[in-house]
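J.: query30.cif is reproduced in full below (mmCIF, C-alpha atoms and all ligand atoms).
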data_run
#
loop_
_atom_site.label_atom_id
_atom_site.label_comp_id
_atom_site.auth_asym_id
_atom_site.auth_seq_id
_atom_site.Cartn_x
_atom_site.Cartn_y
_atom_site.Cartn_z
CA MET A 1 0.00 0.00 0.00
CA THR A 2 1.23 3.53 -0.78
CA ASN A 3 2.53 5.37 2.26
CA ILE A 4 0.33 8.41 2.80
CA THR A 5 1.66 11.40 4.72
CA LEU A 6 -0.97 12.64 7.14
CA GLN A 7 -1.17 16.38 7.72
CA TYR A 8 -3.93 16.87 10.23
CA LEU A 9 -5.05 13.54 11.70
CA THR A 10 -2.94 10.85 13.34
CA GLN A 11 -2.93 7.31 11.97
CA GLU A 12 -4.70 6.20 15.20
CA GLN A 13 -7.51 8.67 14.54
CA VAL A 14 -7.92 7.50 10.95
CA ASP A 15 -7.97 3.85 12.11
CA GLN A 16 -10.47 4.64 14.86
CA PHE A 17 -12.80 6.37 12.38
CA TYR A 18 -12.82 3.38 10.03
CA ARG A 19 -13.21 0.92 12.95
CA ASP A 20 -16.04 2.69 14.84
CA GLY A 21 -17.68 4.69 12.07
CA TYR A 22 -17.24 7.96 13.93
CA LEU A 23 -14.48 9.96 15.56
CA ARG A 24 -14.47 12.87 17.98
CA LEU A 25 -11.66 15.40 17.61
CA PRO A 26 -11.55 17.47 20.81
CA HIS A 27 -11.02 21.26 20.52
CA PHE A 28 -11.23 21.31 16.73
CA LEU A 29 -12.42 24.92 16.71
CA SER A 30 -10.98 27.53 19.07
CA PRO A 31 -13.25 29.00 21.76
CA ASP A 32 -13.41 32.26 19.73
CA GLU A 33 -14.38 30.44 16.52
CA THR A 34 -17.04 28.44 18.37
CA GLU A 35 -18.42 31.51 20.11
CA ALA A 36 -18.64 33.37 16.78
CA LEU A 37 -20.83 30.59 15.36
CA LEU A 38 -23.08 30.52 18.42
CA THR A 39 -23.46 34.31 18.38
CA ARG A 40 -24.29 34.22 14.67
CA ALA A 41 -26.87 31.45 15.19
CA ARG A 42 -28.57 33.53 17.90
CA GLN A 43 -28.49 36.56 15.60
CA LEU A 44 -30.14 34.58 12.79
CA LEU A 45 -32.87 33.44 15.18
CA SER A 46 -33.50 36.95 16.36
CA ASP A 47 -33.57 38.36 12.78
CA PHE A 48 -35.86 35.69 11.36
CA SER A 49 -39.35 36.89 10.54
CA VAL A 50 -42.13 34.65 11.72
CA GLU A 51 -44.81 36.75 9.98
CA ASP A 52 -44.14 35.37 6.49
CA HIS A 53 -43.06 31.89 7.68
CA PRO A 54 -45.16 28.83 6.68
CA LEU A 55 -44.69 27.37 10.20
CA THR A 56 -42.96 24.28 8.79
CA LYS A 57 -42.18 21.81 11.56
CA PHE A 58 -39.14 19.58 11.31
CA THR A 59 -40.45 16.05 11.75
CA THR A 60 -38.29 12.98 11.28
CA GLY A 61 -40.46 9.86 11.57
CA ASP A 62 -40.63 7.23 8.82
CA ASP A 63 -44.20 8.18 7.93
CA ASN A 64 -44.24 11.94 8.37
CA HIS A 65 -40.83 13.32 7.45
CA VAL A 66 -40.97 17.00 6.54
CA GLY A 67 -41.39 17.44 2.76
CA ASP A 68 -43.13 20.69 1.88
CA ASP A 69 -41.90 23.26 -0.60
CA TYR A 70 -40.29 25.43 2.06
CA PHE A 71 -38.12 22.42 2.98
CA LEU A 72 -37.51 21.14 -0.57
CA THR A 73 -36.24 24.49 -1.84
CA SER A 74 -34.07 25.28 1.20
CA GLY A 75 -30.77 23.93 -0.20
CA ASP A 76 -29.61 27.33 -1.44
CA LYS A 77 -31.24 29.38 1.33
CA ILE A 78 -31.17 29.97 5.06
CA ARG A 79 -34.49 28.76 6.38
CA TYR A 80 -36.01 27.94 9.75
CA PHE A 81 -37.74 24.69 10.76
CA LEU A 82 -39.75 24.61 13.96
CA GLU A 83 -39.86 22.19 16.86
CA GLU A 84 -43.03 20.07 16.78
CA GLU A 85 -43.88 21.06 20.31
CA ALA A 86 -43.50 24.77 19.56
CA ILE A 87 -46.77 24.96 17.60
CA ASP A 88 -50.18 24.51 19.23
CA LYS A 89 -53.26 22.85 17.72
CA ASP A 90 -54.35 26.17 16.19
CA GLY A 91 -51.01 26.52 14.39
CA LYS A 92 -49.71 29.26 16.71
CA LEU A 93 -46.25 29.46 18.27
CA THR A 94 -46.30 28.54 21.94
CA ARG A 95 -43.07 30.41 22.79
CA PRO A 96 -40.78 33.16 21.46
CA LYS A 97 -39.45 32.33 17.98
CA GLU A 98 -35.86 32.15 19.28
CA LYS A 99 -36.92 29.20 21.44
CA ALA A 100 -39.13 27.58 18.80
CA VAL A 101 -36.68 26.73 16.00
CA ASN A 102 -35.51 23.11 15.69
CA LYS A 103 -32.98 23.86 12.98
CA ILE A 104 -31.69 26.40 10.47
CA GLY A 105 -30.71 25.09 7.03
CA HIS A 106 -29.50 24.19 4.48
CA GLY A 107 -27.20 26.71 2.74
CA LEU A 108 -25.35 28.26 5.69
CA HIS A 109 -21.97 26.91 4.56
CA GLU A 110 -22.30 28.76 1.27
CA LEU A 111 -24.28 31.86 2.14
CA ASP A 112 -23.39 32.95 5.65
CA PRO A 113 -19.86 34.38 5.99
CA ALA A 114 -19.37 33.10 9.57
CA TYR A 115 -20.36 29.53 8.66
CA ARG A 116 -18.61 29.63 5.28
CA LYS A 117 -15.37 30.55 7.04
CA VAL A 118 -15.33 27.40 9.21
CA THR A 119 -16.50 25.14 6.37
CA LEU A 120 -15.45 25.86 2.79
CA GLU A 121 -12.72 28.33 3.76
CA ASN A 122 -11.25 26.29 6.60
CA PRO A 123 -7.84 24.67 5.93
CA ALA A 124 -8.38 22.32 8.90
CA ILE A 125 -11.56 20.90 7.29
CA LYS A 126 -9.71 20.38 4.03
CA GLY A 127 -6.89 18.72 5.99
CA VAL A 128 -9.32 16.29 7.63
CA ALA A 129 -11.00 15.47 4.30
CA ARG A 130 -7.59 14.94 2.73
CA ASP A 131 -6.26 12.70 5.55
CA LEU A 132 -9.42 10.63 5.90
CA ARG A 133 -9.48 9.83 2.15
CA PHE A 134 -13.13 8.92 2.42
CA HIS A 135 -13.70 10.50 -1.00
CA HIS A 136 -11.70 11.14 -4.15
CA ASP A 137 -13.21 14.55 -4.69
CA PRO A 138 -15.66 15.57 -1.96
CA VAL A 139 -18.30 18.26 -2.37
CA ALA A 140 -20.13 19.96 0.50
CA LEU A 141 -23.86 19.80 -0.09
CA GLN A 142 -25.77 20.99 2.96
CA SER A 143 -25.43 22.51 6.41
CA MET A 144 -27.59 23.09 9.46
CA VAL A 145 -27.60 24.60 12.90
CA ILE A 146 -29.51 22.13 15.06
CA CYS A 147 -30.85 24.01 18.09
CA LYS A 148 -32.19 21.16 20.25
CA GLN A 149 -34.13 23.72 22.26
CA GLN A 150 -34.48 23.50 26.03
CA HIS A 151 -37.47 21.45 27.26
CA ILE A 152 -38.88 20.69 23.76
CA GLY A 153 -35.81 19.75 21.64
CA GLY A 154 -36.98 16.94 19.35
CA GLU A 155 -35.56 13.43 19.32
CA VAL A 156 -33.57 12.37 16.22
CA PRO A 157 -34.37 8.65 15.83
CA GLU A 158 -31.78 6.04 14.86
CA HIS A 159 -30.64 6.58 11.28
CA ASN A 160 -27.64 6.68 9.00
CA ASP A 161 -26.90 9.76 6.94
CA SER A 162 -26.51 8.06 3.55
CA THR A 163 -30.25 7.30 3.69
CA PHE A 164 -30.92 11.05 3.52
CA LEU A 165 -28.00 12.14 1.32
CA TYR A 166 -27.92 9.20 -1.02
CA THR A 167 -25.32 8.54 -3.69
CA ASP A 168 -24.60 5.35 -5.60
CA PRO A 169 -22.45 4.00 -4.02
CA PRO A 170 -23.29 5.58 -0.63
CA SER A 171 -20.70 8.20 0.33
CA ALA A 172 -22.10 10.66 2.89
CA LEU A 173 -19.71 11.95 5.54
CA GLY A 174 -20.99 14.15 8.38
CA PHE A 175 -19.08 16.88 10.20
CA TRP A 176 -20.84 17.72 13.48
CA ILE A 177 -19.59 20.55 15.72
CA PRO A 178 -21.26 21.20 19.08
CA LEU A 179 -21.50 24.91 19.87
CA GLU A 180 -22.54 24.15 23.45
CA LYS A 181 -21.76 21.40 25.93
CA CYS A 182 -23.58 18.15 25.01
CA THR A 183 -24.62 15.80 27.80
CA ALA A 184 -26.94 12.87 28.37
CA GLU A 185 -29.47 15.39 29.69
CA ASN A 186 -29.60 17.80 26.74
CA GLY A 187 -29.54 15.27 23.87
CA ALA A 188 -25.91 14.42 23.07
CA LEU A 189 -25.41 12.16 20.04
CA SER A 190 -24.96 8.45 20.55
CA PHE A 191 -23.56 5.87 18.13
CA LEU A 192 -23.67 2.15 17.49
CA PRO A 193 -19.91 1.61 16.99
CA GLY A 194 -19.00 -0.51 13.97
CA SER A 195 -22.56 -0.57 12.60
CA HIS A 196 -21.31 1.01 9.35
CA LEU A 197 -19.56 -2.30 8.63
CA THR A 198 -22.67 -4.47 8.79
CA ALA A 199 -25.73 -2.23 8.28
CA PRO A 200 -26.30 -1.57 4.58
CA ILE A 201 -28.29 1.42 3.37
CA THR A 202 -31.71 -0.22 3.02
CA LYS A 203 -33.76 2.79 1.88
CA ARG A 204 -33.32 6.32 0.62
CA PHE A 205 -35.20 9.54 1.28
CA VAL A 206 -36.62 10.83 -2.02
CA ARG A 207 -38.87 13.42 -3.64
CA LEU A 208 -42.09 11.62 -4.53
CA PRO A 209 -43.46 12.01 -8.09
CA GLN A 210 -46.79 13.19 -6.65
CA GLY A 211 -45.03 15.80 -4.48
CA GLY A 212 -43.64 15.69 -0.97
CA THR A 213 -41.08 13.20 0.28
CA GLY A 214 -40.94 9.54 1.25
CA PHE A 215 -38.64 6.55 1.45
CA GLU A 216 -37.74 4.24 -1.43
CA GLU A 217 -36.67 0.71 -0.45
CA LEU A 218 -33.25 -0.32 -1.77
CA ILE A 219 -33.35 -3.81 -0.33
CA PRO A 220 -36.73 -5.63 -0.44
CA PRO A 221 -38.36 -5.84 3.01
CA GLY A 222 -37.36 -9.10 4.70
CA GLN A 223 -34.08 -9.37 2.80
CA ALA A 224 -32.06 -6.82 4.79
CA PRO A 225 -29.53 -8.25 7.25
CA ALA A 226 -30.55 -8.30 10.91
CA HIS A 227 -30.11 -5.08 12.89
CA PRO A 228 -26.50 -4.94 14.16
CA GLU A 229 -25.94 -6.14 17.70
CA GLY A 230 -24.26 -4.00 20.32
CA LYS A 231 -24.76 -1.10 22.65
CA TYR A 232 -25.04 2.56 21.81
CA THR A 233 -22.22 4.80 23.09
CA LEU A 234 -23.07 8.30 24.23
CA GLU A 235 -20.58 10.84 22.90
CA ALA A 236 -20.56 13.72 25.40
CA CYS A 237 -18.89 16.74 23.79
CA GLU A 238 -17.45 20.13 24.60
CA PRO A 239 -18.13 23.20 22.46
CA GLY A 240 -15.78 23.30 19.46
CA ASP A 241 -15.15 19.54 19.24
CA LEU A 242 -15.65 17.94 15.82
CA VAL A 243 -17.40 14.60 15.40
CA LEU A 244 -16.85 12.88 12.04
CA ILE A 245 -19.75 10.61 11.11
CA HIS A 246 -19.49 7.81 8.51
CA GLY A 247 -22.61 7.87 6.32
CA SER A 248 -23.51 4.28 7.19
CA VAL A 249 -23.03 4.37 10.99
CA LEU A 250 -26.23 4.21 13.05
CA HIS A 251 -26.67 7.15 15.41
CA LYS A 252 -29.39 9.10 17.17
CA SER A 253 -30.08 11.76 19.79
CA GLU A 254 -32.73 11.82 22.51
CA LYS A 255 -35.23 14.55 23.31
CA ASN A 256 -33.92 17.52 25.22
CA ARG A 257 -36.11 17.94 28.30
CA SER A 258 -33.39 19.84 30.18
CA PRO A 259 -33.23 23.62 30.76
CA ALA A 260 -30.05 23.89 28.59
CA THR A 261 -30.08 24.31 24.82
CA ARG A 262 -27.77 22.14 22.71
CA PHE A 263 -26.81 24.12 19.60
CA ALA A 264 -24.64 22.27 17.07
CA TYR A 265 -23.43 23.10 13.56
CA THR A 266 -23.30 20.26 11.05
CA PHE A 267 -22.57 19.87 7.37
CA HIS A 268 -22.09 16.95 4.99
CA MET A 269 -19.87 15.96 2.12
CA ILE A 270 -20.46 13.37 -0.59
CA GLU A 271 -18.30 11.90 -3.36
CA SER A 272 -18.65 13.61 -6.74
CA ALA A 273 -18.96 12.19 -10.26
CA PRO A 274 -17.61 10.03 -11.82
CA HIS A 275 -16.94 8.19 -8.54
CA ALA A 276 -20.56 8.36 -7.33
CA VAL A 277 -23.93 9.28 -8.80
CA TYR A 278 -26.17 11.89 -7.18
CA ASP A 279 -29.52 11.79 -8.93
CA ALA A 280 -32.68 13.87 -9.28
CA LYS A 281 -34.66 11.74 -6.81
CA ASN A 282 -32.76 13.22 -3.87
CA TRP A 283 -34.76 15.71 -1.80
CA LEU A 284 -31.86 18.17 -1.91
CA GLN A 285 -30.96 19.43 -5.37
CA PRO A 286 -28.10 21.70 -6.39
CA THR A 287 -29.23 24.80 -8.28
CA PRO A 288 -27.48 26.57 -11.18
CA ALA A 289 -26.93 29.53 -8.85
CA LEU A 290 -25.50 27.34 -6.11
CA PRO A 291 -23.94 24.06 -7.26
CA PHE A 292 -22.29 21.85 -4.59
CA SER A 293 -18.82 23.24 -3.83
CA ARG A 294 -15.65 21.17 -4.16
CA VAL A 295 -13.78 20.87 -0.87
CA LEU A 296 -10.25 20.00 -2.02
CA ASP A 297 -9.44 23.06 -4.11
CA ASP A 298 -5.90 21.88 -4.83
CA GLY A 299 -7.03 18.68 -6.55
CA PRO A 300 -8.70 15.36 -5.69
CA ASN A 301 -7.22 12.59 -3.55
CA ALA A 302 -5.14 10.22 -5.68
CA SER A 303 -6.78 7.23 -3.97
CA VAL A 304 -9.37 6.56 -1.27
CA HIS A 305 -8.73 4.74 1.98
CA PRO A 306 -8.94 0.92 1.57
CA ALA A 307 -11.71 0.82 4.19
CA ALA A 308 -13.76 3.57 2.51
CA GLY A 309 -15.67 0.91 0.52
CA ARG A 310 -19.32 1.01 1.50
CA VAL A 311 -21.42 -1.95 2.62
O1 LIG B 1 -27.80 16.92 16.20
C1 LIG B 1 -28.52 15.94 16.38
O2 LIG B 1 -29.16 15.76 17.40
C2 LIG B 1 -28.64 14.88 15.31
C3 LIG B 1 -27.73 15.10 14.17
C4 LIG B 1 -27.68 13.95 13.24
O3 LIG B 1 -28.01 12.84 13.55
C5 LIG B 1 -27.21 14.15 11.88
O4 LIG B 1 -26.89 15.30 11.50
O5 LIG B 1 -27.15 13.16 11.15
#
Write out the structure in this file as structure tokens.

T.:
Amino acid sequence: MTNITLQYLTQEQVDQFYRDGYLRLPHFLSPDETEALLTRARQLLSDFSVEDHPLTKFTTGDDNHVGDDYFLTSGDKIRYFLEEEAIDKDGKLTRPKEKAVNKIGHGLHELDPAYRKVTLENPAIKGVARDLRFHHDPVALQSMVICKQQHIGGEVPEHNDSTFLYTDPPSALGFWIPLEKCTAENGALSFLPGSHLTAPITKRFVRLPQGGTGFEELIPPGQAPAHPEGKYTLEACEPGDLVLIHGSVLHKSEKNRSPATRFAYTFHMIESAPHAVYDAKNWLQPTPALPFSRVLDDGPNASVHPAAGRV
């Protein structure tokens, strides 16, 4: 095997990522960088106008995943999705808008200077993408601030990211940066270590021909391998850590019933053509005005990591 010189990660970190399917890098962003993102997120929440908002809730279940036009055309915009519990039966907000938003998405990494700086303009992110060699030529395709509001922060059920950001072959890679302390009480992420090695992508989240979104089965029901065995590991985090998430690893986060918010910034990369196909069925579509940006601006990786093959 060719000897690869690592610039940002250690060999142990690379090995751990491919073994567990995720990796936490403590103190990835400086306290000032992290604080700037948190301040900007709060500013966005305070500037957002609820008057002309369709009151789109962010729901994640198998049968009722959000899929309206406000969501489907959010890839090249900065839009606001509300916590389910923040809207009453008459469709009115039950709390101030700043405490009602579940997440802000999906074009922050392109459009907002503070978020762009830590994503597309960040040499450390490029260094990680280079060292991990998960992709030949990664593109960044979406970003979100997930607010996980105090008391009502919604659960994110068990899933893997390649279901939602599907390529053939699957190639999603998540970058998840807590902007506040994450604990068992306020909905820290947890992972099923190694599940990326045995849990194939069985379905994909698509735009339905009749409108809205749904799931398309990739493996006929009954033919998928059994759910991987093992115990979930809670990954408590400090603000500014970076968690790398393999697109096939199973992970989730619980409801936040605590008095503390749990803001996090996350974005995803996928492999680009000709190494993987991203098709028109995906809910998220690049637009002529805002195509997906290449991450490695000084050329693709010559080869991918031998363990980057997807189940
Ligand atoms: O932030 C969370 O609670 C969930 C994030 C997540 O699972 C994801 O981005 O894939």

J.: Within 12 Å of A:Pro193, counting all atoms listed in the file, which residues show up once you throw out same-chain ones fewer than 3 positions away? Write them as a list in words, please.

T.: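 Selected residues are Gln16, Phe17, Tyr18, Arg19, Asp20, Gly21, Tyr22, Leu23, Ser190, His196, Leu197, Thr198, Ala199, Pro228, Glu229, Gly230, Lys231, Tyr232, Thr233, Leu234, Glu235, Ile245, His246, Ser248, Val249, Leu250 and His251 of chain A.
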
J.: Throw together the list of residues within 7 Å of ligand LIG 1 (chain B), counting all atoms listed in the file, and drop it here as a count of residues only.

T.: 15

J.: Return as CSV the residues of stretch 161-208 of chain A lying at most 10 Å from stretch 128-139 of chain A, together with the closest atom-to-atom pair for each and the distance in Å to one decimal, counting only C-alpha atoms, with rows in chain order and ascending residue number.

T.:
residue,atom,partner,partner_atom,distance
A:Ser171,CA,A:His135,CA,7.5
A:Ala172,CA,A:Phe134,CA,9.1
A:Leu173,CA,A:Phe134,CA,7.9

J.: Would you output that residue set with C-alpha atoms, as a PDB file, in the frame of the given file?

T.:
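Result went into result_21.pdb, see below:
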ATOM      1  CA  SER A 171     -20.700   8.200   0.330  1.00  0.00           C
ATOM      2  CA  ALA A 172     -22.100  10.660   2.890  1.00  0.00           C
ATOM      3  CA  LEU A 173     -19.710  11.950   5.540  1.00  0.00           C
TER       4      LEU A 173
END

J.: Between A:Tyr265, A:Pro286, A:Leu179, A:Pro170, which has the minimum distance to A:Gly309 (counting only C-alpha atoms)?

T.: A:Pro170

J.: Would you mind telling me which residue in A:Cys182, A:Leu208, A:Pro200, A:Phe164 lies nearest to A:Ile270 when using all atoms listed in the file?

T.: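 The closest residue to A:Ile270 is A:Phe164.
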
J.: Compare A:Gly222, A:Gly153, A:Pro239, A:Pro306 by their minimum atom-to-atom distance to A:His27, counting only C-alpha atoms, and give me the closest one.

T.: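 Among the listed residues, A:Pro239 lies closest to A:His27.
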
J.: Give me the residues near A:Asp47 as a list in words, where near means some atom within 12 Å (using all atoms listed in the file) and where sequence neighbours in that chain fewer than 6 positions away do not count.

T.: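 Listing them by chain and then by number gives Arg40, Ala41, Ile78, Arg79, Tyr80, Lys97 and Glu98 of chain A.
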
J.: One decimal, Å: what's the distance from atom CA of A:Tyr70 over to atom CA of A:Glu121, could you say?

T.: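 Atom-to-atom, atom CA of A:Tyr70 and atom CA of A:Glu121 are spaced 27.8 Å apart.
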